[in-house]
Amino acid sequence: MAAPEELRLMTRVARMYYTEGVRQPQIADRLGLSQARVSRLLKRAEEQGIVRITVSAPQGTHPGLEGALQERYGIRLALVVDVPDDDEQRILPELGAAAAYYLEVTLRSGDVIGISSWSASLLAVVDHLRPVPGLTGVRVLQVLGGVGDPAAAEHATRLTDRMAHVLQGSPVHLPSPGVAGSAASARALREDPFVAAGMALFKEITVALVGIGSLEPSRVLASSGNVFAAGELARLRAAGAVGDVCLHFFDAAGRPTDTGTALRVIGITPEQLRAVPRCVAVAGGRRKTEAVRAALRGGLVNVLITDRFTAERLTRP
């Protein structure tokens with residue numbers, strides 16, 4: 001226990017700092033102390049229980065769920081978005097806005113941003129994204145082939161080009177379909193100089209943005225034509241597949257369930273995604289809960305932006 005004289009000094013310094021709003025240099029000047037001594041007294045005041053710092057979470061924030069997700073799945077960050085109900089279409093804009101803000105405050109000059117094509121959640125991110133003052137030298141790279149049905153091709157273009165435009169960066173396209181007709185044609189496409197140049201940049205990605213798909217393709221993906229046949233999906237389901245990231249399927253434990261489909265994908269691999277410093281998944285909704293859980297278990301992503309209902313399902317025993 002501190003001596004009474006030290007307790008009085010601690011209390012005086014703490015009151016000046018926390019109640020009266022006096023800055024540490026001014027406290028030091030007024031009391032004839034060094035600034036280092038003031039800092040030590042404030043720390044001691046916490047240790048002695050004179051100062052008790054509490055954080056009151058504002059309504060609409062969910063730090064408890066975020067902490068539980070981080071602890072359970074070993075990810076570096078979880079952001080849980082407050083939404084009014086568990087409706088997937090109403091969730092998407094909220095997730096997009098939250099993810100856009102996260103990017104605006106965390107992107108750095110020179111970042112290489114990898115972004116997956118054919119994701120409605122990522123399109124929502126880009127639609128909410130605003131310019132970042134002072135950000136320079138950013139490259140935005142497609143990590144999954146963006147060529148598909150011409151009626152849907154605008155989607156992939158918007159993701160890459162619009163993000164690059166907003167961030168005053170340069171786009172790098174992957175001019176191929178996401179799924180080739182055969183393993184042989186996929187190999188040939190990967191050898192195309194423009195495709196090969198884009199894929200060579202995968203190792204430079206500092207931030208990856210991905211959606212998480214359930215086994216059944218989303219409306220956006222289905223309209224693009226970058227989908228597997230019904231028989232292939234049935235074989236994947238029989239192998240235990242519950243979802244995919246960039247068209248690489250995995251089971252409930254996050255392990256690959258390859259039935260030959262991966263050989264036809266032109267894009268980033270799970271191993272390459274795991275090597276990215278920040279791999280950010282933007283996903284939510286009841287339909288995708290098991291796929292999100294499996295992607296987390298498999299270490300495919302290390303930042304998750306999701307809604308509160310999905311977060312609650314993911315943290316239940």
# chains A, B, ... in the order shown; residues from 1 in each chain; ligands from 1
>>> closest_atom_pairs(of="segment 153-246 of chain A", to="segment 135-142 of chain A", cutoff="6 Å", atoms="only C-alpha atoms", output="tab-separated table")
residue	atom	partner	partner_atom	distance
A:Ala164	CA	A:Val140	CA	5.7
A:Gly169	CA	A:Val138	CA	4.6
A:Ser170	CA	A:Arg139	CA	4.8
A:Pro171	CA	A:Val140	CA	4.8
A:Val172	CA	A:Leu141	CA	4.7
A:His173	CA	A:Gln142	CA	5.4
A:Leu174	CA	A:Gln142	CA	5.7
>>> write_last_selection(atoms="N, CA, C and O atoms", output="PDB file, in the first residue's frame")
ATOM      1  N   ALA A 164     -10.302   1.333 -57.762  1.00  0.00           N
ATOM      2  CA  ALA A 164      -9.057   2.009 -58.138  1.00  0.00           C
ATOM      3  C   ALA A 164      -9.290   3.494 -58.361  1.00  0.00           C
ATOM      4  O   ALA A 164      -8.486   4.340 -57.947  1.00  0.00           O
ATOM      5  N   GLY A 169      -5.898   4.994 -57.465  1.00  0.00           N
ATOM      6  CA  GLY A 169      -4.878   3.983 -57.711  1.00  0.00           C
ATOM      7  C   GLY A 169      -4.980   3.451 -59.121  1.00  0.00           C
ATOM      8  O   GLY A 169      -5.686   3.991 -59.970  1.00  0.00           O
ATOM      9  N   SER A 170      -4.286   2.367 -59.377  1.00  0.00           N
ATOM     10  CA  SER A 170      -4.295   1.771 -60.710  1.00  0.00           C
ATOM     11  C   SER A 170      -4.890   0.369 -60.651  1.00  0.00           C
ATOM     12  O   SER A 170      -4.561  -0.414 -59.750  1.00  0.00           O
ATOM     13  N   PRO A 171      -5.787   0.050 -61.603  1.00  0.00           N
ATOM     14  CA  PRO A 171      -6.386  -1.287 -61.616  1.00  0.00           C
ATOM     15  C   PRO A 171      -5.500  -2.280 -62.368  1.00  0.00           C
ATOM     16  O   PRO A 171      -4.808  -1.932 -63.320  1.00  0.00           O
ATOM     17  N   VAL A 172      -5.525  -3.520 -61.906  1.00  0.00           N
ATOM     18  CA  VAL A 172      -4.838  -4.613 -62.612  1.00  0.00           C
ATOM     19  C   VAL A 172      -5.866  -5.725 -62.790  1.00  0.00           C
ATOM     20  O   VAL A 172      -6.312  -6.329 -61.814  1.00  0.00           O
ATOM     21  N   HIS A 173      -6.246  -5.965 -64.043  1.00  0.00           N
ATOM     22  CA  HIS A 173      -7.298  -6.942 -64.324  1.00  0.00           C
ATOM     23  C   HIS A 173      -6.726  -8.339 -64.546  1.00  0.00           C
ATOM     24  O   HIS A 173      -5.542  -8.503 -64.874  1.00  0.00           O
ATOM     25  N   LEU A 174      -7.579  -9.321 -64.362  1.00  0.00           N
ATOM     26  CA  LEU A 174      -7.256 -10.705 -64.673  1.00  0.00           C
ATOM     27  C   LEU A 174      -8.175 -11.091 -65.835  1.00  0.00           C
ATOM     28  O   LEU A 174      -9.304 -11.533 -65.614  1.00  0.00           O
TER      29      LEU A 174
END
>>> residues_around(residues="segment 181-198 of chain A", least_positions_apart="4", cutoff="9 Å", atoms="only C-alpha atoms", output="NGL selection string")
:A and (141-143 or 145 or 172-177 or 202 or 260-267)
>>> closest_residue(among="A:Asp251, A:Asp307, A:Asp149, A:Glu312", to="Asp85 of chain A", atoms="only C-alpha atoms")
A:Asp307
>>> closest_residue(among="A:Val210, A:Ala2, A:Leu144, A:Val166", to="Ile268 of chain A", atoms="only C-alpha atoms")
A:Leu144
>>> select_by_dssp(residues="segment 18-194 of chain A", states="alpha helix (DSSP H)", output="PyMOL selection string")
chain A and resi 24-31+35-47+63-73+88-106+120-128+153-157+163-166+183-190+193-194
